[in-house]
Each structure stands twice: as C-alpha cells, then as structure tokens.
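**Student:** My questions all concern the structure below.
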2 protein chains.
Amino acid sequence: MQDILFDFISKYVSLTEDEKNVLLSLDLFRSVKKGTTLLKEGQKSQDFYFVLKGCIRKYYIIDGDEKTTAFYTEMEALTPHCVISKTPSEYFIGCVEDSILLVSNSDMSEEVNSKFPKFDTMCRLLSEELLAKQQINFDEFKTSSPEQRYLNLLQNRPDLIQRVPQHQLASYLGIKPQSLSRLRARILEKKS
Amino acid sequence: MQDILFDFISKYVSLTEDEKNVLLSLDLFRSVKKGTTLLKEGQKSQDFYFVLKGCIRKYYIIDGDEKTTAFYTEMEALTPHCVISKTPSEYFIGCVEDSILLVSNSDMSEEVNSKFPKFDTMCRLLSEELLAKQQINFDEFKTSSPEQRYLNLLQNRPDLIQRVPQHQLASYLGIKPQSLSRLRARILEKKS
DNA sequence: TGTATTTCTTAACTTAAGTGAACGAGTTAT
DNA sequence: ATAACTCGTTCACTTAAGTTAAGAAATACA
C-alpha cells in the first residue's frame, strides 16, 4: 500500500530508506468508509488528501442539489481551497468508495518540511504540474459538448464511469442525470 | 508603465532599487499591435507573457473555428503549456488590443533567476495562487448555465465585455455568437 | 471615398438539454 | 420480510442552444 505513495513521490523527488521510514512512522494513513463526508461547506480545515486506494469527490450544494466538480482516485492529491485561503470551505468532500487516504495538515507538514526540505520542492513541482493539467482540462471542457465530454471521459478515465454513480457523473459532465441516460442511449443507437 | 510590473511583483516579493534597475535593463518590454499572433498551434516556444497594458487571448482552432478559452489583461501572466511540456503548442495566442507585454523566455529566466533568487519564490507563489483561482473558476464554469456565466462575467470582469469582440466572448462562455446575442436580448427583456 | 470584410443581430428551424413525473430494480433500515 | 429510499431509466413537454441564412452596422483598406 505504501508503495503507491513512494511510487508517487519518486516521480518528483528521491527518498532514502530513512526518509521513507520516518514518513511511515508519522502514521498519516486513514481508512474511510464509502459515504463519509470528509469536509463540509462552511467548515475550516487544514487537511489535505492523497488517495492511496478508492475514490473521493468534491461537490457543491447549489439550490439544494449536488454539483460534483471533481473526482480523485489512486495517486491523486487534493488540497482544498479553504486550506490555502484560510476561509470556510465553499464545497464538500465526500468518499465515493471505501478508501485508504493519506491525510495531512499544515501543522504536520511543517514537521514534515523540517525533516524533508525535498517536500517543498515536490509541492512546487506538483502544483505546477497540476496547474498545467488543470488548464488543459478546463480548455477541453469549454470546447466540447456534453456528448463529447462523455466520450472523452470514456477514453481517458473509463474506470470512473464504472465506479461512480451516474448522477454524480452527470453533474461532473455539467448535465442532469436524465440527460446522461438519454445521451448514452443516443450513442448506443449511433453505434448500431 | 513599469510601475504596473513592480506593483505586481511586490505582491509576492520585495525588490531593491538595484534589482528594479537590473530588471529594467534586461529590456523585456514589447509593444504589440492588435491582431498579432504571438504563438501558433504546432509551434514550440519558450516565451511567457505578462500583460502590462492591453489584452491577449488563448484560442484553439477546432474544425475550422476559433474557440477562445482565456483572456489575459493588465497584471495577468500567461505561461503557455508548451513551455512547460516542451511539446508543440495545441493552441494560439493572439493580441486582442494594442498591448504592451513583458516577454521572457527560459534562457532569460535562468539569467534572471541567477540574479534574483527571489524570482523562484515568486513563481512558486504565483503558480499556487493561479492553481487555486483556476480551480474555483473551473468549478464556477461547470456549475452554471451560459446565462449565469454571462451574468457572472458582467459582475467580475465587466471590462472584458466592452473590450473583447462578441464572438470571442461567446466561445469563452462556451456558446455560439448567435446564442450570446439571443441571451443578452433575453436578459434585457427580463429586466424591463 | 468607396468597396470589401468583419462583426453583430435577427429570424426560422433543428437538436439537445432541463423539468416533472412515473416506474422498476436494488439497497437500507426497521 | 416489508417498507422506505436511492438510483437509473424512460416519457412527454418546455426551454435554450446549434445551425443556416440574411441583413445592418462598423471597420479596415486600397
């Protein structure tokens, strides 16, 4: 399980065995049941999450219904906006599947940082990479129709379509569940 | 004019007079005419841009028509994806108005970096801030209809609506120019 | 200045997404 | 085991965006 973490880190910086052991000794791992809410709107939190196994999602509640804007699966990290801005959260974070997460917070990351200056380097590289990815993603979303977005998802993250409830997927694609059903039926029809 | 640059930088790091002078001596400023294409699809480039005055935009050409995905105005910085990924660009960058830009490239930024280690700090802070902004932006886009997006724009960047051609605005909002016209007419009707 | 081009708007028609309701299948709770 | 929910799908209807075409207004330019 820890291998996933070390594989991830090794993409950015290299760790000695000692460093690995200290990291493990911090006991940052947390097992979370499907359906658990990790962060609520209005809460302040210092926690950030790294998914070792499972899936978590970010969602807003607007006019009473959920709008899912992101899913995070294995090897993906989520730093909630409220951690950076130190303001109450505008959104929720919930657990889509039984998951194993690494949960750390600012206090801890000072401790981690003092022991591993490399971590700072990693965070910088990570945020630059995420920014680039995010921009491409945003552009792709803007320039395509819901149907194209679904087909792209089918290409790029086919697992999501299997593991995530349809109504969450729908709002992730920017449409209603009924429209997603219809859209899928339409695609099947075209194929045949 | 340089004040804009120094105002911007001072949000992240402080500069001595000496540092300011060296920065100015590098002669990074460039005056660009409206309509100029700064970067084309397929090109490789090391340049990144900081807008001192005017407006530039990022756009794709998909099936023969332009899809504008971002505008950059005073005090905004744009590092094209191709600079980071070192791959040919997937999009164009064009000048919407006569503009004054700071244009730098990787070679130069090594020079700059050696003279001002602070620049590295600034870039890190900047990319973290941009990532946060970008995420909020993306969420806002996903969770709203074209009409809401237009109304948001009217609130948050009213200048854009004045200075940018409607058809570019339309694709920025994810719709066709005709739909934007209609949408505006609809809003006017509601008001009265 | 006059001509061409681009830009914006309007209109009629098509297509796709939103809405409200209903239904069955699967899950949860009691 | 049964009742209550949740979830996905389907249907009929409404609303908004896409498409095609045409014309007016503004801009560029020769």
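Letters for chains follow the order of the structure tokens (A, B, ...), residue numbers begin at 1 for each chain, and ligand numbers begin at 1 in the order shown.
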Both chains have the same sequence, so match all Cα atoms in order, fit chain B onto chain A by least squares, and return it as a CSV table (one decimal) with C-alpha atoms, in the first residue's frame.

**Tutor:**
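The resulting file, part_6.csv, is reproduced below:
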```csv
chain,number,residue,atom,x,y,z
B,1,MET,CA,0.0,0.0,0.0
B,2,GLN,CA,2.7,2.4,0.9
B,3,ASP,CA,4.3,1.5,-2.4
B,4,ILE,CA,1.7,3.6,-4.1
B,5,LEU,CA,2.8,6.6,-2.0
B,6,PHE,CA,6.5,6.1,-2.7
B,7,ASP,CA,5.9,5.5,-6.4
B,8,PHE,CA,4.1,8.8,-6.5
B,9,ILE,CA,6.7,10.7,-4.6
B,10,SER,CA,9.5,9.2,-6.7
B,11,LYS,CA,8.1,10.9,-9.7
B,12,TYR,CA,9.2,14.2,-8.1
B,13,VAL,CA,12.0,13.6,-5.6
B,14,SER,CA,14.0,10.6,-4.4
B,15,LEU,CA,13.8,9.4,-0.9
B,16,THR,CA,16.3,7.4,1.2
B,17,GLU,CA,15.1,4.4,3.2
B,18,ASP,CA,15.5,6.4,6.3
B,19,GLU,CA,13.2,9.1,5.0
B,20,LYS,CA,10.7,6.5,4.0
B,21,ASN,CA,10.6,5.0,7.5
B,22,VAL,CA,10.2,8.4,9.2
B,23,LEU,CA,7.4,9.1,6.8
B,24,LEU,CA,5.6,5.9,7.6
B,25,SER,CA,6.1,6.5,11.3
B,26,LEU,CA,4.1,9.7,11.1
B,27,ASP,CA,1.0,7.5,10.7
B,28,LEU,CA,-0.8,9.6,8.2
B,29,PHE,CA,-2.9,6.8,6.7
B,30,ARG,CA,-6.6,6.7,7.2
B,31,SER,CA,-9.2,4.2,6.2
B,32,VAL,CA,-12.5,5.8,5.2
B,33,LYS,CA,-15.9,4.2,4.6
B,34,LYS,CA,-17.9,4.9,1.5
B,35,GLY,CA,-20.4,7.8,2.0
B,36,THR,CA,-18.2,9.5,4.7
B,37,THR,CA,-18.1,13.3,4.4
B,38,LEU,CA,-14.6,14.5,4.9
B,39,LEU,CA,-15.2,18.2,4.6
B,40,LYS,CA,-18.4,20.2,4.8
B,41,GLU,CA,-19.4,23.6,3.3
B,42,GLY,CA,-18.7,26.3,5.8
B,43,GLN,CA,-16.0,24.3,7.7
B,44,LYS,CA,-12.5,25.4,8.1
B,45,SER,CA,-9.9,22.7,7.7
B,46,GLN,CA,-6.1,22.3,7.3
B,47,ASP,CA,-6.3,18.8,5.9
B,48,PHE,CA,-5.2,17.8,2.5
B,49,TYR,CA,-5.7,14.4,1.0
B,50,PHE,CA,-3.8,11.9,-1.1
B,51,VAL,CA,-5.7,8.9,-2.4
B,52,LEU,CA,-3.9,5.6,-2.0
B,53,LYS,CA,-6.9,3.5,-2.8
B,54,GLY,CA,-10.5,4.3,-3.6
B,55,CYS,CA,-12.2,7.5,-4.8
B,56,ILE,CA,-13.2,10.8,-3.3
B,57,ARG,CA,-15.1,13.7,-4.8
B,58,LYS,CA,-15.6,17.4,-4.4
B,59,TYR,CA,-19.1,18.7,-4.7
B,60,TYR,CA,-21.1,21.8,-4.1
B,61,ILE,CA,-24.7,22.0,-2.9
B,62,ILE,CA,-26.4,24.7,-5.0
B,63,ASP,CA,-30.2,25.3,-4.6
B,64,GLY,CA,-30.4,22.0,-2.8
B,65,ASP,CA,-28.8,19.7,-5.2
B,66,GLU,CA,-25.3,18.4,-5.5
B,67,LYS,CA,-22.9,19.5,-8.2
B,68,THR,CA,-19.9,17.3,-8.4
B,69,THR,CA,-16.9,19.1,-9.9
B,70,ALA,CA,-14.0,16.7,-9.4
B,71,PHE,CA,-13.1,13.1,-8.6
B,72,TYR,CA,-9.8,12.0,-7.1
B,73,THR,CA,-8.6,8.4,-7.5
B,74,GLU,CA,-5.4,6.5,-6.8
B,75,MET,CA,-2.3,8.6,-7.0
B,76,GLU,CA,-4.2,11.9,-6.9
B,77,ALA,CA,-3.9,14.7,-4.4
B,78,LEU,CA,-6.5,17.2,-3.2
B,79,THR,CA,-5.7,20.4,-1.3
B,80,PRO,CA,-9.0,22.1,-0.6
B,81,HIS,CA,-9.2,25.7,-1.5
B,82,CYS,CA,-10.0,26.6,2.1
B,83,VAL,CA,-6.6,25.3,3.3
B,84,ILE,CA,-4.9,27.8,1.1
B,85,SER,CA,-7.3,30.7,1.5
B,86,LYS,CA,-8.0,30.0,5.2
B,87,THR,CA,-11.6,30.8,4.6
B,88,PRO,CA,-14.6,28.5,5.3
B,89,SER,CA,-15.0,25.9,2.6
B,90,GLU,CA,-17.4,26.5,-0.3
B,91,TYR,CA,-17.8,22.9,-1.0
B,92,PHE,CA,-18.0,19.3,0.4
B,93,ILE,CA,-15.6,16.5,0.0
B,94,GLY,CA,-17.1,13.0,0.2
B,95,CYS,CA,-15.9,9.5,-0.1
B,96,VAL,CA,-17.3,7.6,-3.1
B,97,GLU,CA,-15.9,4.2,-2.3
B,98,ASP,CA,-14.3,2.6,0.8
B,99,SER,CA,-10.9,4.3,0.5
B,100,ILE,CA,-7.4,4.5,2.0
B,101,LEU,CA,-6.2,8.0,2.2
B,102,LEU,CA,-3.1,9.9,3.4
B,103,VAL,CA,-4.4,12.8,5.4
B,104,SER,CA,-2.0,15.5,6.4
B,105,ASN,CA,-2.4,19.0,7.7
B,106,SER,CA,-0.5,22.3,7.8
B,107,ASP,CA,0.9,21.6,11.3
B,108,MET,CA,2.1,18.2,10.3
B,109,SER,CA,3.5,19.5,7.0
B,110,GLU,CA,5.7,21.9,9.0
B,111,GLU,CA,7.1,18.9,10.8
B,112,VAL,CA,7.4,17.0,7.5
B,113,ASN,CA,9.0,20.0,5.9
B,114,SER,CA,11.6,20.4,8.6
B,115,LYS,CA,12.6,16.8,8.2
B,116,PHE,CA,12.5,16.7,4.4
B,117,PRO,CA,13.2,20.0,2.6
B,118,LYS,CA,12.7,17.9,-0.5
B,119,PHE,CA,8.9,18.1,0.2
B,120,ASP,CA,8.8,21.7,-0.6
B,121,THR,CA,10.4,21.0,-3.9
B,122,MET,CA,7.9,18.3,-4.5
B,123,CYS,CA,4.9,20.5,-3.7
B,124,ARG,CA,6.1,23.2,-6.1
B,125,LEU,CA,6.6,20.7,-8.9
B,126,LEU,CA,3.3,19.2,-8.2
B,127,SER,CA,1.4,22.4,-8.2
B,128,GLU,CA,3.0,23.5,-11.4
B,129,GLU,CA,2.1,20.2,-13.0
B,130,LEU,CA,-1.5,20.4,-11.7
B,131,LEU,CA,-1.9,23.9,-12.9
B,132,ALA,CA,-0.9,22.8,-16.4
B,133,LYS,CA,-3.2,19.8,-16.4
B,134,GLN,CA,-6.0,21.8,-14.9
B,135,GLN,CA,-5.7,24.4,-17.7
B,136,ILE,CA,-5.8,21.7,-20.5
B,137,ASN,CA,-8.7,20.1,-18.8
B,138,PHE,CA,-10.6,23.4,-18.5
B,139,ASP,CA,-10.0,24.1,-22.1
B,140,GLU,CA,-11.2,20.7,-23.1
B,141,PHE,CA,-14.3,21.1,-21.1
B,142,LYS,CA,-15.1,24.5,-22.6
B,143,THR,CA,-14.6,23.5,-26.1
B,144,SER,CA,-16.7,20.4,-26.1
B,145,SER,CA,-20.4,19.4,-25.9
B,146,PRO,CA,-21.7,17.2,-23.1
B,147,GLU,CA,-21.6,14.3,-25.5
B,148,GLN,CA,-18.0,14.9,-26.5
B,149,ARG,CA,-17.1,15.3,-22.8
B,150,TYR,CA,-18.7,11.9,-22.1
B,151,LEU,CA,-16.8,10.3,-25.0
B,152,ASN,CA,-13.5,11.9,-23.8
B,153,LEU,CA,-14.1,10.5,-20.3
B,154,LEU,CA,-14.7,7.1,-21.8
B,155,GLN,CA,-11.3,7.4,-23.4
B,156,ASN,CA,-9.3,9.0,-20.6
B,157,ARG,CA,-10.8,7.7,-17.4
B,158,PRO,CA,-13.0,4.7,-18.3
B,159,ASP,CA,-12.8,3.4,-14.7
B,160,LEU,CA,-14.7,6.5,-13.4
B,161,ILE,CA,-17.8,5.6,-15.4
B,162,GLN,CA,-17.8,2.2,-13.8
B,163,ARG,CA,-17.1,3.1,-10.2
B,164,VAL,CA,-19.0,6.4,-9.8
B,165,PRO,CA,-22.8,6.8,-9.5
B,166,GLN,CA,-24.4,8.1,-12.7
B,167,HIS,CA,-25.9,11.1,-11.1
B,168,GLN,CA,-22.5,12.2,-9.8
B,169,LEU,CA,-21.0,11.6,-13.3
B,170,ALA,CA,-23.8,13.7,-14.9
B,171,SER,CA,-23.1,16.8,-12.8
B,172,TYR,CA,-19.4,16.3,-13.4
B,173,LEU,CA,-20.2,16.5,-17.1
B,174,GLY,CA,-22.3,19.6,-16.5
B,175,ILE,CA,-25.7,18.0,-17.2
B,176,LYS,CA,-28.6,16.3,-15.4
B,177,PRO,CA,-28.8,12.5,-14.8
B,178,GLN,CA,-31.7,12.2,-17.2
B,179,SER,CA,-29.7,13.9,-19.9
B,180,LEU,CA,-26.8,11.5,-19.3
B,181,SER,CA,-29.1,8.5,-19.6
B,182,ARG,CA,-30.5,9.9,-22.9
B,183,LEU,CA,-27.1,10.7,-24.2
B,184,ARG,CA,-25.8,7.2,-23.6
B,185,ALA,CA,-28.8,5.7,-25.3
B,186,ARG,CA,-28.2,8.1,-28.2
B,187,ILE,CA,-24.5,6.9,-28.5
B,188,LEU,CA,-25.5,3.3,-28.4
B,189,GLU,CA,-28.0,3.9,-31.2
B,190,LYS,CA,-25.4,5.6,-33.3
B,191,LYS,CA,-23.0,2.7,-32.9
B,192,SER,CA,-25.5,0.1,-34.1
```

**Student:** Taking the backbone alone, and naming residues the way the document does, which bits of chain A are strand (DSSP E) by DSSP, as a PyMOL selection string?

**Tutor:** chain A and resi 29-32+37-39+47-53+55-62+65-73+77-78+92-95+99-105

**Student:** So that each row is one residue of chain D with an atom at most 12 Å from chain A, can you give its shortest atom pair and the distance in Å to one decimal, using only C-alpha atoms (C1' of nucleotides), rows by chain and rising number, as a tab-separated table?

**Tutor:**
```
residue	atom	partner	partner_atom	distance
D:DT6	C1'	A:Pro165	CA	10.9
D:DC7	C1'	A:Pro165	CA	8.2
D:DG8	C1'	A:Gln166	CA	7.5
D:DT9	C1'	A:Ser181	CA	6.7
D:DT10	C1'	A:Arg182	CA	8.8
D:DC11	C1'	A:Gln178	CA	11.0
D:DA17	C1'	A:Ser145	CA	10.9
D:DG18	C1'	A:Ser145	CA	10.9
```

**Student:** Could you save the residues just selected, with N, CA, C and O atoms (P, O5', C5', C4', C3', O3' and C1' of nucleotides), as an mmCIF file, in the first residue's frame?

**Tutor:**
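The resulting file, selection_28.cif, is reproduced below:
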```cif
data_model
loop_
_atom_site.group_PDB
_atom_site.id
_atom_site.type_symbol
_atom_site.label_atom_id
_atom_site.label_comp_id
_atom_site.auth_asym_id
_atom_site.auth_seq_id
_atom_site.Cartn_x
_atom_site.Cartn_y
_atom_site.Cartn_z
ATOM 1 P P DT D 6 -33.340 8.903 0.016
ATOM 2 O "O5'" DT D 6 -32.490 8.022 -1.002
ATOM 3 C "C5'" DT D 6 -31.583 7.039 -0.510
ATOM 4 C "C4'" DT D 6 -30.978 6.314 -1.701
ATOM 5 C "C3'" DT D 6 -30.531 7.254 -2.825
ATOM 6 O "O3'" DT D 6 -29.232 6.844 -3.223
ATOM 7 C "C1'" DT D 6 -31.977 5.603 -3.678
ATOM 8 P P DC D 7 -28.412 7.671 -4.326
ATOM 9 O "O5'" DC D 7 -28.781 6.852 -5.641
ATOM 10 C "C5'" DC D 7 -28.442 5.472 -5.700
ATOM 11 C "C4'" DC D 7 -28.866 4.910 -7.034
ATOM 12 C "C3'" DC D 7 -28.528 5.800 -8.229
ATOM 13 O "O3'" DC D 7 -27.692 5.072 -9.111
ATOM 14 C "C1'" DC D 7 -30.791 5.060 -8.309
ATOM 15 P P DG D 8 -26.967 5.864 -10.317
ATOM 16 O "O5'" DG D 8 -27.869 5.444 -11.561
ATOM 17 C "C5'" DG D 8 -27.834 4.095 -11.986
ATOM 18 C "C4'" DG D 8 -29.015 3.840 -12.875
ATOM 19 C "C3'" DG D 8 -29.003 4.649 -14.174
ATOM 20 O "O3'" DG D 8 -28.883 3.743 -15.253
ATOM 21 C "C1'" DG D 8 -31.145 4.704 -13.110
ATOM 22 P P DT D 9 -28.815 4.334 -16.766
ATOM 23 O "O5'" DT D 9 -30.347 4.319 -17.220
ATOM 24 C "C5'" DT D 9 -31.056 3.083 -17.176
ATOM 25 C "C4'" DT D 9 -32.523 3.348 -17.469
ATOM 26 C "C3'" DT D 9 -32.776 4.098 -18.785
ATOM 27 O "O3'" DT D 9 -33.437 3.194 -19.661
ATOM 28 C "C1'" DT D 9 -34.132 4.902 -16.989
ATOM 29 P P DT D 10 -33.634 3.585 -21.234
ATOM 30 O "O5'" DT D 10 -35.114 4.199 -21.240
ATOM 31 C "C5'" DT D 10 -36.203 3.404 -20.783
ATOM 32 C "C4'" DT D 10 -37.443 4.284 -20.660
ATOM 33 C "C3'" DT D 10 -37.725 5.168 -21.884
ATOM 34 O "O3'" DT D 10 -38.978 4.765 -22.435
ATOM 35 C "C1'" DT D 10 -37.978 6.381 -19.852
ATOM 36 P P DC D 11 -39.495 5.344 -23.866
ATOM 37 O "O5'" DC D 11 -40.497 6.491 -23.414
ATOM 38 C "C5'" DC D 11 -41.535 6.223 -22.460
ATOM 39 C "C4'" DC D 11 -42.303 7.515 -22.174
ATOM 40 C "C3'" DC D 11 -42.382 8.459 -23.379
ATOM 41 O "O3'" DC D 11 -43.724 8.846 -23.623
ATOM 42 C "C1'" DC D 11 -41.593 9.598 -21.450
ATOM 43 P P DA D 17 -28.935 29.211 -23.625
ATOM 44 O "O5'" DA D 17 -28.072 28.392 -24.681
ATOM 45 C "C5'" DA D 17 -27.610 27.081 -24.350
ATOM 46 C "C4'" DA D 17 -27.375 26.289 -25.620
ATOM 47 C "C3'" DA D 17 -26.505 26.999 -26.667
ATOM 48 O "O3'" DA D 17 -25.543 26.094 -27.178
ATOM 49 C "C1'" DA D 17 -28.550 26.352 -27.630
ATOM 50 P P DG D 18 -24.579 26.505 -28.381
ATOM 51 O "O5'" DG D 18 -25.231 25.741 -29.628
ATOM 52 C "C5'" DG D 18 -25.199 24.313 -29.640
ATOM 53 C "C4'" DG D 18 -25.514 23.781 -31.031
ATOM 54 C "C3'" DG D 18 -24.647 24.354 -32.154
ATOM 55 O "O3'" DG D 18 -24.433 23.322 -33.134
ATOM 56 C "C1'" DG D 18 -26.900 24.908 -32.551
#
```

**Student:** What are the DSSP helix (DSSP H, G or I) residues of range 8-166 of chain B, as number ranges by chain?

**Tutor:** B: 8-10, 17-25, 81-85, 106-115, 118-142, 146-156, 158-163, 166

**Student:** Would you list the contacts of DT15 in chain D as a ChimeraX atom specification, taking every protein, DNA or RNA residue within 10 Å and counting only C-alpha atoms (C1' of nucleotides), but skipping same-chain residues closer than 3 positions in sequence?

**Tutor:** /C:17-19

**Student:** Go ahead and save the residues from that selection, with N, CA and C atoms (P, O5', C5', C4', C3', O3' and C1' of nucleotides), as a PDB file, in the first residue's frame.

**Tutor:**
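Ended up saving to part-v5.pdb:
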```pdb
ATOM      1  P    DA C  17     -27.212  17.034 -24.943  1.00  0.00           P
ATOM      2  O5'  DA C  17     -27.757  17.907 -23.729  1.00  0.00           O
ATOM      3  C5'  DA C  17     -27.355  19.272 -23.604  1.00  0.00           C
ATOM      4  C4'  DA C  17     -28.344  20.013 -22.732  1.00  0.00           C
ATOM      5  C3'  DA C  17     -28.599  19.355 -21.366  1.00  0.00           C
ATOM      6  O3'  DA C  17     -28.588  20.355 -20.360  1.00  0.00           O
ATOM      7  C1'  DA C  17     -30.633  19.668 -22.517  1.00  0.00           C
ATOM      8  P    DG C  18     -29.003  19.973 -18.860  1.00  0.00           P
ATOM      9  O5'  DG C  18     -30.488  20.564 -18.725  1.00  0.00           O
ATOM     10  C5'  DG C  18     -30.669  21.988 -18.766  1.00  0.00           C
ATOM     11  C4'  DG C  18     -32.057  22.341 -18.270  1.00  0.00           C
ATOM     12  C3'  DG C  18     -32.418  21.806 -16.886  1.00  0.00           C
ATOM     13  O3'  DG C  18     -33.225  22.773 -16.219  1.00  0.00           O
ATOM     14  C1'  DG C  18     -33.921  20.931 -18.460  1.00  0.00           C
ATOM     15  P    DT C  19     -33.764  22.492 -14.758  1.00  0.00           P
ATOM     16  O5'  DT C  19     -35.189  21.837 -14.983  1.00  0.00           O
ATOM     17  C5'  DT C  19     -36.150  22.511 -15.777  1.00  0.00           C
ATOM     18  C4'  DT C  19     -37.504  21.840 -15.627  1.00  0.00           C
ATOM     19  C3'  DT C  19     -37.761  21.211 -14.253  1.00  0.00           C
ATOM     20  O3'  DT C  19     -39.068  21.586 -13.832  1.00  0.00           O
ATOM     21  C1'  DT C  19     -38.129  19.611 -15.961  1.00  0.00           C
TER      22       DT C  19
END
```

**Student:** Could you build a table of the residues in chain C lying no more than 10 Å from chain B, giving for each the nearest pair of atoms and their separation in Å rounded to one decimal place, using only C-alpha atoms (C1' of nucleotides), ordered by chain and ascending residue number, as JSON lines?

**Tutor:**
```
{"residue": "C:DT7", "atom": "C1'", "partner": "B:Pro165", "partner_atom": "CA", "distance": 7.8}
{"residue": "C:DC8", "atom": "C1'", "partner": "B:Gln166", "partner_atom": "CA", "distance": 7.6}
{"residue": "C:DT9", "atom": "C1'", "partner": "B:Ser181", "partner_atom": "CA", "distance": 6.7}
{"residue": "C:DT10", "atom": "C1'", "partner": "B:Arg182", "partner_atom": "CA", "distance": 8.8}
```

**Student:** Distance C1' of DG26 in chain C-C1' of DC13 in chain D, one decimal place?

**Tutor:**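 Separation between C1' of DG26 in chain C and C1' of DC13 in chain D: 29.3 Å.
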
**Student:** Just how far from C1' of DA1 in chain D is C1' of DT28 in chain C, in Å to one decimal?

**Tutor:**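 Spanning C1' of DT28 in chain C to C1' of DA1 in chain D is a straight-line distance of 13.2 Å.
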
**Student:** Please, what distance in Å, to one decimal, runs between C1' of DA28 in chain D and C1' of DT1 in chain C?

**Tutor:**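 According to the coordinates, C1' of DA28 in chain D and C1' of DT1 in chain C are separated by 13.4 Å.
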